[in-house]
file query.pdb (PDB, C-alpha atoms, pLDDT in the B column)
ATOM      1  CA  MET A  30     -18.003  -2.569 -14.839  1.00 86.00           C
ATOM      2  CA  SER A  31     -18.148  -2.056 -18.599  1.00 93.00           C
ATOM      3  CA  GLU A  32     -16.704  -5.047 -20.448  1.00 96.00           C
ATOM      4  CA  ALA A  33     -14.918  -4.803 -23.788  1.00 97.00           C
ATOM      5  CA  ARG A  34     -16.939  -5.593 -26.897  1.00 97.00           C
ATOM      6  CA  PRO A  35     -14.313  -5.835 -29.663  1.00 97.00           C
ATOM      7  CA  ALA A  36     -15.602  -5.524 -33.210  1.00 97.00           C
ATOM      8  CA  GLU A  37     -13.546  -5.994 -36.369  1.00 97.00           C
ATOM      9  CA  TRP A  38     -15.355  -3.213 -38.244  1.00 97.00           C
ATOM     10  CA  ALA A  39     -14.578  -0.727 -35.457  1.00 97.00           C
ATOM     11  CA  ASP A  40     -10.945  -1.808 -35.378  1.00 97.00           C
ATOM     12  CA  VAL A  41     -10.520  -1.286 -39.127  1.00 96.00           C
ATOM     13  CA  ILE A  42     -12.122   2.158 -39.048  1.00 97.00           C
ATOM     14  CA  PHE A  43     -10.228   3.331 -35.976  1.00 97.00           C
ATOM     15  CA  GLU A  44      -6.817   2.117 -37.105  1.00 97.00           C
ATOM     16  CA  ARG A  45      -7.101   4.206 -40.270  1.00 96.00           C
ATOM     17  CA  TYR A  46      -8.413   7.216 -38.354  1.00 97.00           C
ATOM     18  CA  LEU A  47      -5.752   7.035 -35.632  1.00 97.00           C
ATOM     19  CA  THR A  48      -2.909   6.567 -38.119  1.00 96.00           C
ATOM     20  CA  ARG A  49      -3.957   9.738 -39.949  1.00 96.00           C
ATOM     21  CA  LEU A  50      -4.421  11.616 -36.673  1.00 96.00           C
ATOM     22  CA  MET A  51      -0.984  10.651 -35.381  1.00 96.00           C
ATOM     23  CA  LYS A  52       0.683  11.634 -38.655  1.00 94.00           C
ATOM     24  CA  ARG A  53      -0.938  15.078 -38.334  1.00 95.00           C
ATOM     25  CA  SER A  54      -0.096  15.397 -34.624  1.00 96.00           C
ATOM     26  CA  PHE A  55       3.504  14.100 -34.468  1.00 97.00           C
ATOM     27  CA  ASN A  56       6.568  14.719 -36.586  1.00 95.00           C
ATOM     28  CA  ALA A  57       7.540  11.063 -36.135  1.00 95.00           C
ATOM     29  CA  VAL A  58       6.841   7.994 -34.002  1.00 96.00           C
ATOM     30  CA  ASN A  59      10.034   6.099 -33.194  1.00 97.00           C
ATOM     31  CA  LEU A  60      11.122   2.838 -31.602  1.00 97.00           C
ATOM     32  CA  PHE A  61      14.470   2.474 -29.826  1.00 97.00           C
ATOM     33  CA  GLY A  62      16.021  -0.988 -29.865  1.00 94.00           C
ATOM     34  CA  GLU A  63      14.775  -4.199 -31.384  1.00 90.00           C
ATOM     35  CA  GLU A  64      11.223  -5.445 -31.554  1.00 92.00           C
ATOM     36  CA  PRO A  65      10.671  -7.662 -28.455  1.00 95.00           C
ATOM     37  CA  ALA A  66      10.591 -11.385 -29.160  1.00 94.00           C
ATOM     38  CA  VAL A  67       7.531 -12.677 -27.293  1.00 95.00           C
ATOM     39  CA  SER A  68       6.167 -16.201 -27.236  1.00 94.00           C
ATOM     40  CA  PRO A  69       2.897 -16.736 -29.147  1.00 95.00           C
ATOM     41  CA  ASP A  70       1.981 -19.389 -26.583  1.00 96.00           C
ATOM     42  CA  ARG A  71       1.441 -16.975 -23.688  1.00 97.00           C
ATOM     43  CA  PRO A  72      -0.733 -13.895 -23.185  1.00 98.00           C
ATOM     44  CA  LEU A  73       1.170 -10.613 -23.210  1.00 98.00           C
ATOM     45  CA  VAL A  74       0.812  -8.040 -20.425  1.00 98.00           C
ATOM     46  CA  LEU A  75       2.135  -4.629 -21.457  1.00 98.00           C
ATOM     47  CA  ILE A  76       2.649  -1.960 -18.801  1.00 97.00           C
ATOM     48  CA  GLY A  77       3.846   1.588 -19.313  1.00 97.00           C
ATOM     49  CA  ASN A  78       4.156   5.057 -17.810  1.00 97.00           C
ATOM     50  CA  HIS A  79       1.103   7.304 -18.066  1.00 96.00           C
ATOM     51  CA  ASN A  80       1.983  10.931 -18.753  1.00 95.00           C
ATOM     52  CA  THR A  81      -0.102  12.119 -21.709  1.00 95.00           C
ATOM     53  CA  TRP A  82      -3.602  11.939 -23.153  1.00 93.00           C
ATOM     54  CA  TRP A  83      -2.149   9.884 -26.024  1.00 96.00           C
ATOM     55  CA  ASP A  84      -0.848   7.015 -23.895  1.00 95.00           C
ATOM     56  CA  GLY A  85      -3.784   4.692 -24.494  1.00 93.00           C
ATOM     57  CA  PHE A  86      -3.443   5.107 -28.261  1.00 96.00           C
ATOM     58  CA  PHE A  87       0.290   4.398 -28.411  1.00 97.00           C
ATOM     59  CA  PRO A  88       0.039   0.707 -27.348  1.00 97.00           C
ATOM     60  CA  TYR A  89      -2.819   0.252 -29.795  1.00 97.00           C
ATOM     61  CA  ILE A  90      -0.582   1.403 -32.660  1.00 96.00           C
ATOM     62  CA  LEU A  91       2.360  -0.666 -31.371  1.00 97.00           C
ATOM     63  CA  ASN A  92       0.152  -3.736 -31.337  1.00 97.00           C
ATOM     64  CA  LYS A  93      -0.860  -3.089 -34.946  1.00 96.00           C
ATOM     65  CA  LYS A  94       2.740  -2.546 -36.024  1.00 95.00           C
ATOM     66  CA  LEU A  95       4.522  -5.213 -33.979  1.00 96.00           C
ATOM     67  CA  PHE A  96       2.437  -7.758 -32.078  1.00 97.00           C
ATOM     68  CA  LYS A  97      -0.848  -8.148 -33.973  1.00 96.00           C
ATOM     69  CA  ARG A  98      -2.698  -9.594 -30.995  1.00 98.00           C
ATOM     70  CA  LYS A  99      -6.185  -9.281 -29.532  1.00 98.00           C
ATOM     71  CA  PHE A 100      -5.901  -5.879 -27.872  1.00 98.00           C
ATOM     72  CA  PHE A 101      -7.444  -5.024 -24.494  1.00 98.00           C
ATOM     73  CA  ILE A 102      -6.825  -1.982 -22.335  1.00 98.00           C
ATOM     74  CA  MET A 103      -8.039  -1.010 -18.886  1.00 95.00           C
ATOM     75  CA  MET A 104      -9.285   2.566 -18.494  1.00 93.00           C
ATOM     76  CA  LEU A 105     -11.248   4.564 -15.941  1.00 91.00           C
ATOM     77  CA  GLU A 106     -14.968   3.823 -15.999  1.00 93.00           C
ATOM     78  CA  GLU A 107     -15.906   7.501 -16.108  1.00 92.00           C
ATOM     79  CA  GLN A 108     -13.719   8.047 -19.180  1.00 91.00           C
ATOM     80  CA  LEU A 109     -15.125   4.969 -20.885  1.00 94.00           C
ATOM     81  CA  ALA A 110     -18.646   6.262 -20.239  1.00 94.00           C
ATOM     82  CA  ARG A 111     -17.725   9.406 -22.192  1.00 94.00           C
ATOM     83  CA  PHE A 112     -16.254   7.406 -25.079  1.00 94.00           C
ATOM     84  CA  PRO A 113     -18.206   4.113 -25.239  1.00 96.00           C
ATOM     85  CA  PHE A 114     -16.929   3.431 -28.760  1.00 96.00           C
ATOM     86  CA  PHE A 115     -13.599   2.449 -27.196  1.00 97.00           C
ATOM     87  CA  ARG A 116     -15.259  -0.724 -25.891  1.00 97.00           C
ATOM     88  CA  ARG A 117     -15.397  -1.823 -29.529  1.00 97.00           C
ATOM     89  CA  LEU A 118     -11.589  -1.505 -29.605  1.00 97.00           C
ATOM     90  CA  GLY A 119     -10.948  -3.624 -26.510  1.00 98.00           C
ATOM     91  CA  ALA A 120     -11.279  -1.046 -23.720  1.00 98.00           C
ATOM     92  CA  TYR A 121     -12.986  -1.958 -20.447  1.00 97.00           C
ATOM     93  CA  GLY A 122     -13.598   0.012 -17.273  1.00 95.00           C
ATOM     94  CA  ILE A 123     -12.372   0.159 -13.707  1.00 92.00           C
ATOM     95  CA  ARG A 124     -14.086   2.239 -11.045  1.00 91.00           C
ATOM     96  CA  GLN A 125     -11.411   3.299  -8.581  1.00 86.00           C
ATOM     97  CA  GLY A 126     -12.499   3.733  -4.983  1.00 83.00           C
ATOM     98  CA  HIS A 127     -15.230   1.084  -5.285  1.00 84.00           C
ATOM     99  CA  PRO A 128     -13.716  -2.177  -3.925  1.00 88.00           C
ATOM    100  CA  HIS A 129     -16.383  -4.519  -5.305  1.00 90.00           C
ATOM    101  CA  SER A 130     -16.095  -2.983  -8.779  1.00 87.00           C
ATOM    102  CA  VAL A 131     -12.291  -3.116  -8.658  1.00 92.00           C
ATOM    103  CA  ILE A 132     -12.332  -6.834  -7.802  1.00 94.00           C
ATOM    104  CA  GLU A 133     -14.802  -7.441 -10.632  1.00 96.00           C
ATOM    105  CA  THR A 134     -12.508  -5.641 -13.091  1.00 96.00           C
ATOM    106  CA  LEU A 135      -9.382  -7.494 -11.940  1.00 96.00           C
ATOM    107  CA  THR A 136     -11.193 -10.819 -12.240  1.00 97.00           C
ATOM    108  CA  TYR A 137     -12.318  -9.891 -15.741  1.00 97.00           C
ATOM    109  CA  SER A 138      -8.736  -8.935 -16.644  1.00 97.00           C
ATOM    110  CA  ALA A 139      -7.502 -12.337 -15.467  1.00 97.00           C
ATOM    111  CA  ARG A 140     -10.168 -14.020 -17.593  1.00 97.00           C
ATOM    112  CA  LEU A 141      -8.888 -12.183 -20.683  1.00 98.00           C
ATOM    113  CA  LEU A 142      -5.468 -13.699 -20.039  1.00 98.00           C
ATOM    114  CA  GLY A 143      -6.976 -17.133 -20.558  1.00 97.00           C
ATOM    115  CA  ASP A 144      -6.481 -16.541 -24.296  1.00 97.00           C
ATOM    116  CA  ALA A 145      -2.828 -16.811 -25.344  1.00 98.00           C
ATOM    117  CA  ALA A 146      -3.467 -14.336 -28.190  1.00 98.00           C
ATOM    118  CA  THR A 147      -4.352 -11.525 -25.763  1.00 98.00           C
ATOM    119  CA  LEU A 148      -2.349  -8.334 -25.322  1.00 98.00           C
ATOM    120  CA  LEU A 149      -3.515  -6.674 -22.108  1.00 98.00           C
ATOM    121  CA  CYS A 150      -2.324  -3.079 -21.651  1.00 98.00           C
ATOM    122  CA  MET A 151      -2.265  -1.465 -18.201  1.00 95.00           C
ATOM    123  CA  PHE A 152      -0.964   1.748 -16.673  1.00 96.00           C
ATOM    124  CA  PRO A 153      -0.107   0.796 -13.066  1.00 94.00           C
ATOM    125  CA  GLN A 154       0.081   4.466 -12.023  1.00 93.00           C
ATOM    126  CA  GLY A 155      -3.697   4.541 -12.441  1.00 88.00           C
ATOM    127  CA  GLU A 156      -3.799   8.209 -13.425  1.00 89.00           C
ATOM    128  CA  LEU A 157      -1.951  10.822 -15.465  1.00 92.00           C
ATOM    129  CA  VAL A 158       1.306  11.718 -13.710  1.00 93.00           C
ATOM    130  CA  PRO A 159       4.069  14.100 -14.915  1.00 94.00           C
ATOM    131  CA  PHE A 160       6.949  12.274 -16.598  1.00 95.00           C
ATOM    132  CA  HIS A 161       9.526  13.250 -13.981  1.00 95.00           C
ATOM    133  CA  ALA A 162       7.348  12.634 -10.906  1.00 94.00           C
ATOM    134  CA  ARG A 163       8.858  10.115  -8.502  1.00 94.00           C
ATOM    135  CA  PRO A 164       7.965   7.693  -7.087  1.00 94.00           C
ATOM    136  CA  LEU A 165       5.859   6.412  -9.960  1.00 95.00           C
ATOM    137  CA  GLY A 166       3.243   5.124  -7.549  1.00 93.00           C
ATOM    138  CA  PHE A 167       2.369   1.781  -9.136  1.00 94.00           C
ATOM    139  CA  LYS A 168      -0.875   0.279  -7.831  1.00 91.00           C
ATOM    140  CA  LYS A 169      -1.244  -3.385  -6.865  1.00 90.00           C
ATOM    141  CA  GLY A 170      -3.774  -4.377  -9.515  1.00 91.00           C
ATOM    142  CA  LEU A 171      -1.339  -6.274 -11.731  1.00 93.00           C
ATOM    143  CA  GLU A 172      -0.160  -8.483  -8.857  1.00 92.00           C
ATOM    144  CA  ARG A 173      -3.766  -9.428  -8.120  1.00 94.00           C
ATOM    145  CA  ILE A 174      -4.557 -10.120 -11.784  1.00 96.00           C
ATOM    146  CA  LEU A 175      -1.612 -12.510 -12.064  1.00 95.00           C
ATOM    147  CA  ARG A 176      -2.649 -14.257  -8.856  1.00 95.00           C
ATOM    148  CA  ILE A 177      -6.233 -14.733 -10.078  1.00 96.00           C
ATOM    149  CA  HIS A 178      -5.066 -15.846 -13.529  1.00 96.00           C
ATOM    150  CA  GLY A 179      -2.666 -18.370 -12.060  1.00 93.00           C
ATOM    151  CA  GLY A 180      -0.929 -19.243 -15.325  1.00 95.00           C
ATOM    152  CA  PRO A 181       2.179 -18.003 -17.125  1.00 96.00           C
ATOM    153  CA  VAL A 182       2.241 -14.693 -19.011  1.00 98.00           C
ATOM    154  CA  THR A 183       4.809 -12.585 -20.805  1.00 98.00           C
ATOM    155  CA  LEU A 184       5.390  -9.315 -18.951  1.00 98.00           C
ATOM    156  CA  LEU A 185       6.701  -6.439 -21.052  1.00 98.00           C
ATOM    157  CA  GLN A 186       7.441  -2.933 -19.785  1.00 98.00           C
ATOM    158  CA  LEU A 187       7.358   0.094 -22.072  1.00 98.00           C
ATOM    159  CA  ALA A 188       8.734   3.611 -21.655  1.00 98.00           C
ATOM    160  CA  MET A 189       7.028   6.336 -23.716  1.00 98.00           C
ATOM    161  CA  ARG A 190       8.214   9.904 -24.202  1.00 97.00           C
ATOM    162  CA  CYS A 191       6.937  12.844 -26.282  1.00 97.00           C
ATOM    163  CA  GLU A 192       9.574  15.471 -27.094  1.00 96.00           C
ATOM    164  CA  PHE A 193       9.798  18.665 -29.147  1.00 95.00           C
ATOM    165  CA  LEU A 194      13.018  18.622 -31.191  1.00 94.00           C
ATOM    166  CA  GLY A 195      13.140  21.810 -33.201  1.00 88.00           C
ATOM    167  CA  THR A 196       9.992  21.192 -35.216  1.00 90.00           C
ATOM    168  CA  ARG A 197       6.424  22.437 -34.830  1.00 93.00           C
ATOM    169  CA  LEU A 198       5.190  18.983 -33.903  1.00 96.00           C
ATOM    170  CA  PRO A 199       6.642  16.709 -31.208  1.00 96.00           C
ATOM    171  CA  GLU A 200       8.151  13.280 -31.762  1.00 96.00           C
ATOM    172  CA  VAL A 201       7.234  10.128 -29.851  1.00 97.00           C
ATOM    173  CA  PHE A 202       9.805   7.629 -28.597  1.00 98.00           C
ATOM    174  CA  PHE A 203       9.278   4.085 -27.325  1.00 98.00           C
ATOM    175  CA  LEU A 204      11.666   1.759 -25.515  1.00 98.00           C
ATOM    176  CA  PHE A 205      10.766  -1.765 -24.376  1.00 98.00           C
ATOM    177  CA  GLY A 206      12.338  -3.616 -21.507  1.00 97.00           C
ATOM    178  CA  PRO A 207      13.242  -7.297 -21.888  1.00 97.00           C
ATOM    179  CA  PRO A 208      10.206  -9.601 -22.067  1.00 97.00           C
ATOM    180  CA  LEU A 209       9.842 -11.742 -18.934  1.00 97.00           C
ATOM    181  CA  GLU A 210       8.074 -15.099 -18.786  1.00 96.00           C
ATOM    182  CA  VAL A 211       6.430 -14.991 -15.357  1.00 96.00           C
ATOM    183  CA  SER A 212       3.653 -16.344 -13.179  1.00 93.00           C
ATOM    184  CA  ALA A 213       2.158 -14.997  -9.959  1.00 91.00           C
ATOM    185  CA  GLU A 214       4.962 -16.713  -8.021  1.00 93.00           C
ATOM    186  CA  THR A 215       7.853 -15.516 -10.205  1.00 94.00           C
ATOM    187  CA  ALA A 216       6.706 -12.031 -11.255  1.00 94.00           C
ATOM    188  CA  PRO A 217       8.838  -9.070 -10.150  1.00 94.00           C
ATOM    189  CA  SER A 218       7.614  -7.239  -7.081  1.00 94.00           C
ATOM    190  CA  LEU A 219       5.811  -3.928  -7.448  1.00 93.00           C
ATOM    191  CA  GLN A 220       8.974  -2.158  -6.296  1.00 94.00           C
ATOM    192  CA  GLN A 221      11.082  -3.986  -8.893  1.00 96.00           C
ATOM    193  CA  MET A 222       8.653  -3.077 -11.677  1.00 96.00           C
ATOM    194  CA  GLU A 223       8.730   0.572 -10.595  1.00 96.00           C
ATOM    195  CA  ARG A 224      12.519   0.542 -10.580  1.00 97.00           C
ATOM    196  CA  THR A 225      12.643  -1.048 -14.050  1.00 97.00           C
ATOM    197  CA  GLN A 226      10.156   1.509 -15.357  1.00 98.00           C
ATOM    198  CA  GLU A 227      12.172   4.409 -13.969  1.00 97.00           C
ATOM    199  CA  GLU A 228      15.339   2.991 -15.581  1.00 98.00           C
ATOM    200  CA  LEU A 229      13.605   2.626 -18.958  1.00 98.00           C
ATOM    201  CA  MET A 230      12.278   6.185 -18.760  1.00 98.00           C
ATOM    202  CA  GLN A 231      15.748   7.495 -17.902  1.00 98.00           C
ATOM    203  CA  ARG A 232      17.265   5.561 -20.823  1.00 97.00           C
ATOM    204  CA  VAL A 233      14.714   7.049 -23.222  1.00 97.00           C
ATOM    205  CA  GLU A 234      15.594  10.552 -22.069  1.00 97.00           C
ATOM    206  CA  SER A 235      19.333   9.883 -22.343  1.00 97.00           C
ATOM    207  CA  MET A 236      19.042   8.433 -25.851  1.00 97.00           C
ATOM    208  CA  ILE A 237      17.009  11.404 -27.050  1.00 97.00           C
ATOM    209  CA  ALA A 238      19.523  13.806 -25.492  1.00 96.00           C
ATOM    210  CA  CYS A 239      22.358  11.997 -27.303  1.00 95.00           C
ATOM    211  CA  GLY A 240      20.654  12.508 -30.647  1.00 94.00           C
ATOM    212  CA  ALA A 241      19.433   8.939 -31.197  1.00 94.00           C
ATOM    213  CA  ARG A 242      16.154   8.651 -33.077  1.00 91.00           C
ATOM    214  CA  GLY A 243      15.603   4.906 -33.444  1.00 94.00           C
ATOM    215  CA  ARG A 244      13.461   3.188 -36.057  1.00 95.00           C
ATOM    216  CA  MET A 245      10.607   5.250 -37.430  1.00 95.00           C
ATOM    217  CA  LEU A 246       7.207   3.576 -37.188  1.00 94.00           C
ATOM    218  CA  LEU A 247       5.222   6.557 -38.483  1.00 91.00           C
ATOM    219  CA  GLY A 248       6.407   9.735 -40.200  1.00 85.00           C
ATOM    220  CA  GLU A 249       8.415  10.960 -43.183  1.00 74.00           C
ATOM    221  CA  ALA A 250      11.564   9.041 -44.136  1.00 61.00           C
ATOM    222  CA  ARG A 251      14.799  10.561 -42.875  1.00 56.00           C
ATOM    223  CA  ALA A 252      18.499   9.841 -43.097  1.00 49.00           C
ATOM    224  CA  GLY A 253      21.075   9.312 -40.385  1.00 45.00           C
ATOM    225  CA  THR A 254      18.907   7.635 -37.733  1.00 43.00           C
ATOM    226  CA  ALA A 255      20.353   5.547 -34.928  1.00 41.00           C
TER     227      ALA A 255
END
call {"tool": "encode", "arguments": {"input": "query.pdb", "output": "structure tokens"}}
result
Amino acid sequence: MSEARPAEWADVIFERYLTRLMKRSFNAVNLFGEEPAVSPDRPLVLIGNHNTWWDGFFPYILNKKLFKRKFFIMMLEEQLARFPFFRRLGAYGIRQGHPHSVIETLTYSARLLGDAATLLCMFPQGELVPFHARPLGFKKGLERILRIHGGPVTLLQLAMRCEFLGTRLPEVFFLFGPPLEVSAETAPSLQQMERTQEELMQRVESMIACGARGRMLLGEARAGTA
């Protein structure tokens, strides 16, 4: 597997580049609800739906805006081989269909959680899936990571939705679930996490349909947001 090789210089360069790119690509980037209150004494595991090419970049920006932690993200080995620079931003690879490599990656993920300052981002669907596809098809990797890690973590689920709303560029909407302090023994089951994710995704859609726009994280200032 390809391990992450975070570098501060790469992080500084990429944050500026990505911020400009997102401002050119989206009319606004919005957060519904309050910023999650997470303990600084536990590593943070962030899981979300995976529906667009942008999904790996969204948690990176959220970490910069909200959490300010050491960022790591699991991505497919073949994609990481095409974009090795991402290793300098905290990306590391998993080779699906190769059991030995998968175990190596899950063990490495658990090792990252040994640092309480870590934010580990995962997409349990394991591949791009249309937003409305059901079931979500969460894989078992997270359960195994928590079992190998053995200690407590904060588990935070995130719904992400891109929507065109009468402008040339789409808007992005985020909604977090409640942060959960869990261990391997107390973590929700895979089925429970899927159900929570589906509920969050439905809430995001409903809030957009009702005209809510949330708090703008990136974009031009506007009036009358909710």
call {"tool": "resolve_selection", "arguments": {"input": "query.pdb", "expression": "the PyMOL selection byres ((chain A and resi 53-68) around 6)", "output": "list in words"}}
result
Leu50, Met51, Lys52, Pro69, Asp70, Arg71, Leu198, Pro199, Glu200, Val201, Phe202, Phe203, Leu204, Gly243, Arg244, Met245, Leu246, Leu247 and Gly248 of chain A
call {"tool": "atom_distance", "arguments": {"input": "query.pdb", "atom1": "CA of Ile102 (chain A)", "atom2": "CA of Ser235 (chain A)"}}
result
28.7 Å
call {"tool": "residues_near_point", "arguments": {"input": "query.pdb", "point": "(4.7, -10.1, -20.5)", "cutoff": "9 Å", "atoms": "only C-alpha atoms", "output": "PDB file with C-alpha atoms, in the coordinates of the input"}}
result
ATOM      1  CA  VAL A  67       7.531 -12.677 -27.293  1.00 95.00           C
ATOM      2  CA  ARG A  71       1.441 -16.975 -23.688  1.00 97.00           C
ATOM      3  CA  PRO A  72      -0.733 -13.895 -23.185  1.00 98.00           C
ATOM      4  CA  LEU A  73       1.170 -10.613 -23.210  1.00 98.00           C
ATOM      5  CA  VAL A  74       0.812  -8.040 -20.425  1.00 98.00           C
ATOM      6  CA  LEU A  75       2.135  -4.629 -21.457  1.00 98.00           C
ATOM      7  CA  ILE A  76       2.649  -1.960 -18.801  1.00 97.00           C
ATOM      8  CA  LEU A 148      -2.349  -8.334 -25.322  1.00 98.00           C
ATOM      9  CA  PRO A 181       2.179 -18.003 -17.125  1.00 96.00           C
ATOM     10  CA  VAL A 182       2.241 -14.693 -19.011  1.00 98.00           C
ATOM     11  CA  THR A 183       4.809 -12.585 -20.805  1.00 98.00           C
ATOM     12  CA  LEU A 184       5.390  -9.315 -18.951  1.00 98.00           C
ATOM     13  CA  LEU A 185       6.701  -6.439 -21.052  1.00 98.00           C
ATOM     14  CA  GLN A 186       7.441  -2.933 -19.785  1.00 98.00           C
ATOM     15  CA  PRO A 208      10.206  -9.601 -22.067  1.00 97.00           C
ATOM     16  CA  LEU A 209       9.842 -11.742 -18.934  1.00 97.00           C
ATOM     17  CA  GLU A 210       8.074 -15.099 -18.786  1.00 96.00           C
ATOM     18  CA  VAL A 211       6.430 -14.991 -15.357  1.00 96.00           C
TER      19      VAL A 211
END
call {"tool": "axis_aligned_box", "arguments": {"input": "query.pdb", "around": "region 213-232 of chain A", "padding_each_side": "5 Å", "output": "JSON"}}
result
{"center_x": 9.7, "center_y": -4.6, "center_z": -13.6, "size_x": 25.1, "size_y": 34.2, "size_z": 24.5}
call {"tool": "residues_near_point", "arguments": {"input": "query.pdb", "point": "(5.0, -3.4, -11.1)", "cutoff": "8 Å", "atoms": "only C-alpha atoms", "output": "list in words"}}
result
Pro153, Phe167, Lys168, Lys169, Leu171, Glu172, Pro217, Ser218, Leu219, Gln220, Gln221, Met222 and Glu223 of chain A
call {"tool": "resolve_selection", "arguments": {"input": "query.pdb", "expression": "the PyMOL selection byres ((chain A and resi 83-93) around 10)", "output": "number ranges by chain"}}
result
A: 44, 47-48, 51, 58, 60, 75-82, 94-104, 118-120, 148-152, 157, 187, 189-191, 201, 203, 246-247
call {"tool": "atom_distance", "arguments": {"input": "query.pdb", "atom1": "CA of Arg176 (chain A)", "atom2": "CA of Glu214 (chain A)"}}
result
8.0 Å
call {"tool": "atom_distance", "arguments": {"input": "query.pdb", "atom1": "CA of Arg116 (chain A)", "atom2": "CA of Leu135 (chain A)"}}
result
16.6 Å
call {"tool": "closest_residue", "arguments": {"input": "query.pdb", "among": "A:Leu105, A:Ala110, A:Leu141, A:Ala238", "to": "Gln154 (chain A)", "atoms": "all atoms listed in the file"}}
result
A:Leu105
call {"tool": "closest_residue", "arguments": {"input": "query.pdb", "among": "A:Ser31, A:Thr147, A:Gln231, A:Thr215", "to": "Gly122 (chain A)", "atoms": "only C-alpha atoms"}}
result
A:Ser31
call {"tool": "closest_residue", "arguments": {"input": "query.pdb", "among": "A:Glu249, A:Ala146, A:Gly155, A:Gln108", "to": "Gly126 (chain A)", "atoms": "only C-alpha atoms"}}
result
A:Gly155
call {"tool": "closest_residue", "arguments": {"input": "query.pdb", "among": "A:Val41, A:Ala188, A:Ile123, A:Leu229", "to": "Gly170 (chain A)", "atoms": "all atoms listed in the file"}}
result
A:Ile123
call {"tool": "closest_residue", "arguments": {"input": "query.pdb", "among": "A:Gly206, A:Pro164, A:Cys239, A:Ile174", "to": "Ile132 (chain A)", "atoms": "all atoms listed in the file"}}
result
A:Ile174
call {"tool": "resolve_selection", "arguments": {"input": "query.pdb", "expression": "the PyMOL selection byres ((chain A and resi 114) around 12)", "output": "ChimeraX atom specification"}}
result
/A:31-36,38-40,42-43,108-113,115-121
call {"tool": "write_last_selection", "arguments": {"input": "query.pdb", "atoms": "C-alpha atoms", "output": "mmCIF file, keeping the file's coordinate frame"}}
result
data_model
loop_
_atom_site.group_PDB
_atom_site.id
_atom_site.type_symbol
_atom_site.label_atom_id
_atom_site.label_comp_id
_atom_site.auth_asym_id
_atom_site.auth_seq_id
_atom_site.Cartn_x
_atom_site.Cartn_y
_atom_site.Cartn_z
ATOM 1 C CA SER A 31 -18.148 -2.056 -18.599
ATOM 2 C CA GLU A 32 -16.704 -5.047 -20.448
ATOM 3 C CA ALA A 33 -14.918 -4.803 -23.788
ATOM 4 C CA ARG A 34 -16.939 -5.593 -26.897
ATOM 5 C CA PRO A 35 -14.313 -5.835 -29.663
ATOM 6 C CA ALA A 36 -15.602 -5.524 -33.210
ATOM 7 C CA TRP A 38 -15.355 -3.213 -38.244
ATOM 8 C CA ALA A 39 -14.578 -0.727 -35.457
ATOM 9 C CA ASP A 40 -10.945 -1.808 -35.378
ATOM 10 C CA ILE A 42 -12.122 2.158 -39.048
ATOM 11 C CA PHE A 43 -10.228 3.331 -35.976
ATOM 12 C CA GLN A 108 -13.719 8.047 -19.180
ATOM 13 C CA LEU A 109 -15.125 4.969 -20.885
ATOM 14 C CA ALA A 110 -18.646 6.262 -20.239
ATOM 15 C CA ARG A 111 -17.725 9.406 -22.192
ATOM 16 C CA PHE A 112 -16.254 7.406 -25.079
ATOM 17 C CA PRO A 113 -18.206 4.113 -25.239
ATOM 18 C CA PHE A 115 -13.599 2.449 -27.196
ATOM 19 C CA ARG A 116 -15.259 -0.724 -25.891
ATOM 20 C CA ARG A 117 -15.397 -1.823 -29.529
ATOM 21 C CA LEU A 118 -11.589 -1.505 -29.605
ATOM 22 C CA GLY A 119 -10.948 -3.624 -26.510
ATOM 23 C CA ALA A 120 -11.279 -1.046 -23.720
ATOM 24 C CA TYR A 121 -12.986 -1.958 -20.447
#
call {"tool": "decode", "arguments": {"input": "query.pdb", "residues": "region 49-58 of chain A", "atoms": "N, CA and C atoms", "output": "compact mmCIF listing (two decimals), in the first residue's frame"}}
result
# COMPACT_ATOMS: atom_id res chain seq x y z
N ARG A 49 -9.45 28.49 -4.30
CA ARG A 49 -9.73 29.22 -5.54
C ARG A 49 -10.53 28.37 -6.51
N LEU A 50 -10.18 27.10 -6.63
CA LEU A 50 -10.89 26.21 -7.55
C LEU A 50 -12.35 26.05 -7.16
N MET A 51 -12.61 25.89 -5.87
CA MET A 51 -13.99 25.71 -5.43
C MET A 51 -14.81 26.98 -5.60
N LYS A 52 -14.19 28.15 -5.41
CA LYS A 52 -14.90 29.40 -5.63
C LYS A 52 -15.27 29.58 -7.10
N ARG A 53 -14.43 29.06 -8.01
CA ARG A 53 -14.73 29.13 -9.44
C ARG A 53 -15.74 28.07 -9.87
N SER A 54 -15.83 26.98 -9.12
CA SER A 54 -16.64 25.83 -9.53
C SER A 54 -18.02 25.77 -8.89
N PHE A 55 -18.19 26.47 -7.74
CA PHE A 55 -19.46 26.42 -7.01
C PHE A 55 -19.94 27.83 -6.69
N ASN A 56 -21.24 28.01 -6.76
CA ASN A 56 -21.82 29.30 -6.39
C ASN A 56 -21.66 29.57 -4.90
N ALA A 57 -21.73 28.51 -4.09
CA ALA A 57 -21.55 28.64 -2.65
C ALA A 57 -21.33 27.25 -2.06
N VAL A 58 -20.67 27.24 -0.91
CA VAL A 58 -20.47 26.02 -0.12
C VAL A 58 -21.07 26.29 1.25
